[in-house]
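This report concerns only the one structure given below.
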Amino acid sequence: MIINCRNEQITLMPGRAIYWPHKKMLIISDLHTGKAAHFRKSGIPVPATIATDDLERLSELIETIIPDVLLITGDLVHFELNTEVALFHQWRKKYPSLKLKLIKGNHDLLKPADYLAMDIEVYETEYLCFPFRFIHEPPKQHDEYYNISGHIHPGVTLYGRSRQRIHLPCFYFGEHTAILPAFSKFTGLSRIPAVNGGTYYAIASDRVIQV
């Protein structure tokens, strides 16, 4: 689905990503690499295929769109180095010409040398590319930039007949801030209230629908 945001056309993709053609930039949030391995280390049985599946979906997007830049608005890594972060490191080597930019999230706690080894350009709090500010957590203060954030893992509930309902990940676009769905499927969903004409765009299988 193509929408207009601050006079820029951006594409909301069912693969839980945004594409900004003007900058040839693919934008995702909350990949949480290493989260499943972190849970398994704690004795919680979590499928070992989660990280592989997420990276396969990301590869499919990159090889379809062929962006110049992959921008991650926080929580690329879930706390620590582990086998799944090593898997991401190997995955990164497949795309040497792709610029990878990361705005650090609250879970991104690796050492600077670790990001450098993966050829990742790190921004501590935000990345400005007018008219957008890319940031992990939705800011409380507003200015001339439109904020594109993550962190919250937004979801929306759709209701059908006979009390049927389904919870879906979504994009949320408000007056000053957009919130991206978590890219990883190993995350929960948080319902956020729409204010001042905010709009939900639900991800329903292979398409994005406004709800």
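Chain labels follow the order of the structure tokens: the first chain is A, the next B, and so on; residue numbering restarts at 1 in every chain, and ligands are counted from 1 in their shown order.
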Can you list, as a list in words, every protein, DNA or RNA residue that comes within 7 Å of His151 of chain A when you count only C-alpha atoms, leaving out same-chain residues fewer than 3 positions away? Asp30, His136 and Glu137 of chain A
For the residues in the current selection, export C-alpha atoms as a PDB file, in the first residue's frame.
```
ATOM      1  CA  ASP A  30      12.528  -4.577  16.314  1.00  0.00           C
ATOM      2  CA  HIS A 136      13.301   4.000  18.461  1.00  0.00           C
ATOM      3  CA  GLU A 137      10.753   5.248  20.991  1.00  0.00           C
TER       4      GLU A 137
END
```
Determine which residues of segment 6-211 of chain A DSSP labels as helix (DSSP H, G or I) from the backbone of this structure, then write them out as a PyMOL selection string. chain A and resi 21-23+35-41+50-65+83-92+112-117+161-163
So, counting only C-alpha atoms, which residue among A:Ala17, A:Cys170, A:Ile66, A:Leu109 is closest to Tyr200 of chain A? A:Cys170
May I have the residues within 12 Å of Asn106 of chain A as a PyMOL selection string, using only C-alpha atoms and disregarding those fewer than 4 positions away in the same chain? chain A and resi 30+32+73-79+110+124-125+135-137+150-152
Pull C-alpha atoms from the residues just selected and write them as a compact mmCIF listing (two decimals), in the first residue's frame.
```
# COMPACT_ATOMS: atom_id res chain seq x y z
CA ASP A 30 12.53 -4.58 16.31
CA HIS A 32 15.30 -8.72 18.17
CA THR A 73 14.78 1.85 14.08
CA GLY A 74 16.05 0.03 17.14
CA ASP A 75 16.30 -3.36 18.81
CA LEU A 76 18.31 -5.11 16.16
CA VAL A 77 19.81 -7.30 18.90
CA HIS A 78 18.19 -8.67 22.03
CA PHE A 79 20.76 -7.76 24.73
CA LEU A 110 26.53 -4.60 22.19
CA GLU A 124 22.74 6.67 19.46
CA THR A 125 19.34 8.37 19.58
CA ILE A 135 13.93 7.08 16.33
CA HIS A 136 13.30 4.00 18.46
CA GLU A 137 10.75 5.25 20.99
CA GLY A 150 9.22 1.32 16.67
CA HIS A 151 9.53 -0.16 20.18
CA ILE A 152 5.81 -0.63 20.92
```
Write out as number ranges by chain which residues come within 8 Å of Tyr123 of chain A when counting only C-alpha atoms, dropping same-chain ones fewer than 6 positions away. A: 101-104
Store the residues picked out above in a file with C-alpha atoms, as a PDB file, in the first residue's frame.
```
ATOM      1  CA  LYS A 101      22.042   1.972   9.657  1.00  0.00           C
ATOM      2  CA  LEU A 102      20.846   1.322  13.208  1.00  0.00           C
ATOM      3  CA  ILE A 103      19.232   3.726  15.643  1.00  0.00           C
ATOM      4  CA  LYS A 104      19.971   2.083  18.968  1.00  0.00           C
TER       5      LYS A 104
END
```
Considering only C-alpha atoms, give me a table of residues in segment 47-86 of chain A that are at most 12 Å from segment 173-186 of chain A, with the closest atom pair and distance in Å for each, as a Markdown table.
```
| residue | atom | partner | partner_atom | distance |
| --- | --- | --- | --- | --- |
| A:Pro47 | CA | A:Phe186 | CA | 10.0 |
| A:Ala48 | CA | A:Phe186 | CA | 11.4 |
| A:Thr49 | CA | A:Phe186 | CA | 10.8 |
| A:Ile50 | CA | A:Phe186 | CA | 7.1 |
| A:Ala51 | CA | A:Ser184 | CA | 8.2 |
| A:Thr52 | CA | A:Ser184 | CA | 10.6 |
| A:Asp53 | CA | A:Ser184 | CA | 8.9 |
| A:Asp54 | CA | A:Ser184 | CA | 6.0 |
| A:Leu55 | CA | A:Ser184 | CA | 9.1 |
| A:Glu56 | CA | A:Ser184 | CA | 11.2 |
| A:Arg57 | CA | A:Phe183 | CA | 9.3 |
| A:Leu58 | CA | A:Phe183 | CA | 8.7 |
| A:Leu61 | CA | A:Phe183 | CA | 11.7 |
| A:Ile72 | CA | A:Phe183 | CA | 9.7 |
| A:Thr73 | CA | A:Leu180 | CA | 8.8 |
| A:Gly74 | CA | A:Ala182 | CA | 10.0 |
| A:Asp75 | CA | A:Ala182 | CA | 9.4 |
| A:Leu76 | CA | A:Phe183 | CA | 9.7 |
| A:Val77 | CA | A:Ser184 | CA | 11.0 |
| A:His78 | CA | A:Ser184 | CA | 11.2 |
```
Run DSSP on the backbone and give me the residues of segment 98-135 of chain A it puts in strand (DSSP E), as an mmCIF file with N, CA and C atoms, in the first residue's frame.
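The new file result-v6.cif reads:
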```cif
data_model
loop_
_atom_site.group_PDB
_atom_site.id
_atom_site.type_symbol
_atom_site.label_atom_id
_atom_site.label_comp_id
_atom_site.auth_asym_id
_atom_site.auth_seq_id
_atom_site.Cartn_x
_atom_site.Cartn_y
_atom_site.Cartn_z
ATOM 1 N N LYS A 99 24.061 -0.496 2.671
ATOM 2 C CA LYS A 99 24.352 0.286 3.869
ATOM 3 C C LYS A 99 23.350 -0.093 4.951
ATOM 4 N N LEU A 100 23.860 -0.403 6.116
ATOM 5 C CA LEU A 100 22.982 -0.793 7.222
ATOM 6 C C LEU A 100 23.133 0.239 8.336
ATOM 7 N N LYS A 101 22.049 0.939 8.621
ATOM 8 C CA LYS A 101 22.042 1.972 9.657
ATOM 9 C C LYS A 101 21.135 1.513 10.799
ATOM 10 N N LEU A 102 21.604 1.719 12.019
ATOM 11 C CA LEU A 102 20.846 1.322 13.208
ATOM 12 C C LEU A 102 20.713 2.498 14.161
ATOM 13 N N ILE A 103 19.468 2.827 14.516
ATOM 14 C CA ILE A 103 19.232 3.726 15.643
ATOM 15 C C ILE A 103 19.097 2.831 16.865
ATOM 16 N N ILE A 120 27.882 -2.056 10.564
ATOM 17 C CA ILE A 120 26.647 -1.356 10.910
ATOM 18 C C ILE A 120 26.982 0.064 11.363
ATOM 19 N N GLU A 121 26.334 1.036 10.760
ATOM 20 C CA GLU A 121 26.489 2.441 11.139
ATOM 21 C C GLU A 121 25.477 2.745 12.236
ATOM 22 N N VAL A 122 25.968 3.130 13.412
ATOM 23 C CA VAL A 122 25.119 3.236 14.593
ATOM 24 C C VAL A 122 24.840 4.696 14.934
ATOM 25 N N TYR A 123 23.580 4.980 15.249
ATOM 26 C CA TYR A 123 23.149 6.294 15.726
ATOM 27 C C TYR A 123 22.586 6.100 17.134
ATOM 28 N N GLU A 126 18.878 9.093 17.279
ATOM 29 C CA GLU A 126 17.984 9.358 16.151
ATOM 30 C C GLU A 126 18.782 9.515 14.870
ATOM 31 N N TYR A 127 18.077 9.401 13.751
ATOM 32 C CA TYR A 127 18.658 9.657 12.433
ATOM 33 C C TYR A 127 17.723 10.588 11.700
ATOM 34 N N LEU A 128 18.225 11.748 11.309
ATOM 35 C CA LEU A 128 17.412 12.754 10.641
ATOM 36 C C LEU A 128 17.636 12.693 9.132
ATOM 37 N N CYS A 129 16.536 12.581 8.413
ATOM 38 C CA CYS A 129 16.570 12.613 6.956
ATOM 39 C C CYS A 129 15.268 13.280 6.529
ATOM 40 N N PHE A 132 11.803 13.325 7.750
ATOM 41 C CA PHE A 132 11.570 12.312 8.773
ATOM 42 C C PHE A 132 12.666 12.292 9.836
ATOM 43 N N ARG A 133 12.249 11.986 11.047
ATOM 44 C CA ARG A 133 13.162 11.636 12.132
ATOM 45 C C ARG A 133 12.933 10.154 12.430
ATOM 46 N N PHE A 134 13.966 9.361 12.313
ATOM 47 C CA PHE A 134 13.876 7.946 12.653
ATOM 48 C C PHE A 134 14.413 7.769 14.061
ATOM 49 N N ILE A 135 13.618 7.140 14.913
ATOM 50 C CA ILE A 135 13.927 7.075 16.333
ATOM 51 C C ILE A 135 13.284 5.814 16.896
#
```
Residue neighbourhood Tyr95 of chain A, 10 Å, only C-alpha atoms, exclusion window fewer than 5 positions, as an mmCIF file with all heavy atoms, in the first residue's frame:
```
data_model
loop_
_atom_site.group_PDB
_atom_site.id
_atom_site.type_symbol
_atom_site.label_atom_id
_atom_site.label_comp_id
_atom_site.auth_asym_id
_atom_site.auth_seq_id
_atom_site.Cartn_x
_atom_site.Cartn_y
_atom_site.Cartn_z
ATOM 1 N N SER A 59 15.760 -11.160 3.739
ATOM 2 C CA SER A 59 16.459 -11.373 2.468
ATOM 3 C C SER A 59 15.509 -11.252 1.289
ATOM 4 O O SER A 59 15.852 -10.656 0.251
ATOM 5 C CB SER A 59 17.118 -12.757 2.452
ATOM 6 O OG SER A 59 18.238 -12.801 3.296
ATOM 7 N N ILE A 62 14.890 -7.583 0.625
ATOM 8 C CA ILE A 62 16.063 -6.924 0.057
ATOM 9 C C ILE A 62 16.271 -7.337 -1.399
ATOM 10 O O ILE A 62 16.565 -6.498 -2.262
ATOM 11 C CB ILE A 62 17.316 -7.243 0.908
ATOM 12 C CG1 ILE A 62 17.215 -6.529 2.259
ATOM 13 C CG2 ILE A 62 18.597 -6.846 0.185
ATOM 14 C CD1 ILE A 62 18.253 -6.972 3.261
ATOM 15 N N GLU A 63 16.116 -8.605 -1.687
ATOM 16 C CA GLU A 63 16.374 -9.086 -3.041
ATOM 17 C C GLU A 63 15.247 -8.748 -4.005
ATOM 18 O O GLU A 63 15.437 -8.760 -5.226
ATOM 19 C CB GLU A 63 16.635 -10.596 -2.982
ATOM 20 C CG GLU A 63 17.962 -10.903 -2.293
ATOM 21 C CD GLU A 63 18.111 -12.349 -1.855
ATOM 22 O OE1 GLU A 63 17.311 -13.199 -2.340
ATOM 23 O OE2 GLU A 63 19.009 -12.639 -1.050
ATOM 24 N N GLN A 90 26.828 -13.541 9.792
ATOM 25 C CA GLN A 90 27.059 -14.245 8.531
ATOM 26 C C GLN A 90 26.085 -13.776 7.458
ATOM 27 O O GLN A 90 26.456 -13.619 6.293
ATOM 28 C CB GLN A 90 26.930 -15.755 8.754
ATOM 29 C CG GLN A 90 28.034 -16.349 9.614
ATOM 30 C CD GLN A 90 29.414 -16.102 9.026
ATOM 31 O OE1 GLN A 90 29.651 -16.346 7.835
ATOM 32 N NE2 GLN A 90 30.327 -15.624 9.855
ATOM 33 N N LEU A 100 23.860 -0.403 6.116
ATOM 34 C CA LEU A 100 22.982 -0.793 7.222
ATOM 35 C C LEU A 100 23.133 0.239 8.336
ATOM 36 O O LEU A 100 24.217 0.422 8.889
ATOM 37 C CB LEU A 100 23.338 -2.188 7.723
ATOM 38 C CG LEU A 100 22.237 -2.929 8.495
ATOM 39 C CD1 LEU A 100 22.572 -4.410 8.629
ATOM 40 C CD2 LEU A 100 21.965 -2.345 9.866
#
```
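Residue nearest Leu189 of chain A, chosen from A:Gly155, A:Tyr172, A:Tyr115, A:Gln210 and counting only C-alpha atoms: A:Gly155.
Taking atom CA of Pro154 of chain A as the reference point, atom CA of Arg191 of chain A is found at 5.8 Å.
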Best match for closeness to Thr64 of chain A among A:Gln9, A:Asn82, A:Ile166, A:Gly15, counting only C-alpha atoms: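 Under the stated criterion, the closest residue is A:Gly15.
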Can you measure atom CA of Thr157 of chain A to atom CA of Ser29 of chain A for me? One decimal in Å is fine.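 Between atom CA of Thr157 of chain A and atom CA of Ser29 of chain A the gap works out to 20.8 Å.
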Which of these residues is nearest to Trp91 of chain A, using only C-alpha atoms: A:Pro131, A:Ile148, A:Arg165, A:Met118?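 Of A:Pro131, A:Ile148, A:Arg165, A:Met118, the one nearest Trp91 of chain A, counting only C-alpha atoms, is A:Met118.
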So how many Å separate atom CA of His89 of chain A and atom CA of Leu71 of chain A, to one decimal?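 Between atom CA of His89 of chain A and atom CA of Leu71 of chain A the gap is 16.1 Å.
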8 Å contact set for Lys24 of chain A, only C-alpha atoms, chain neighbours under 4 positions out, as a PyMOL selection string: chain A and resi 19-20+67-69
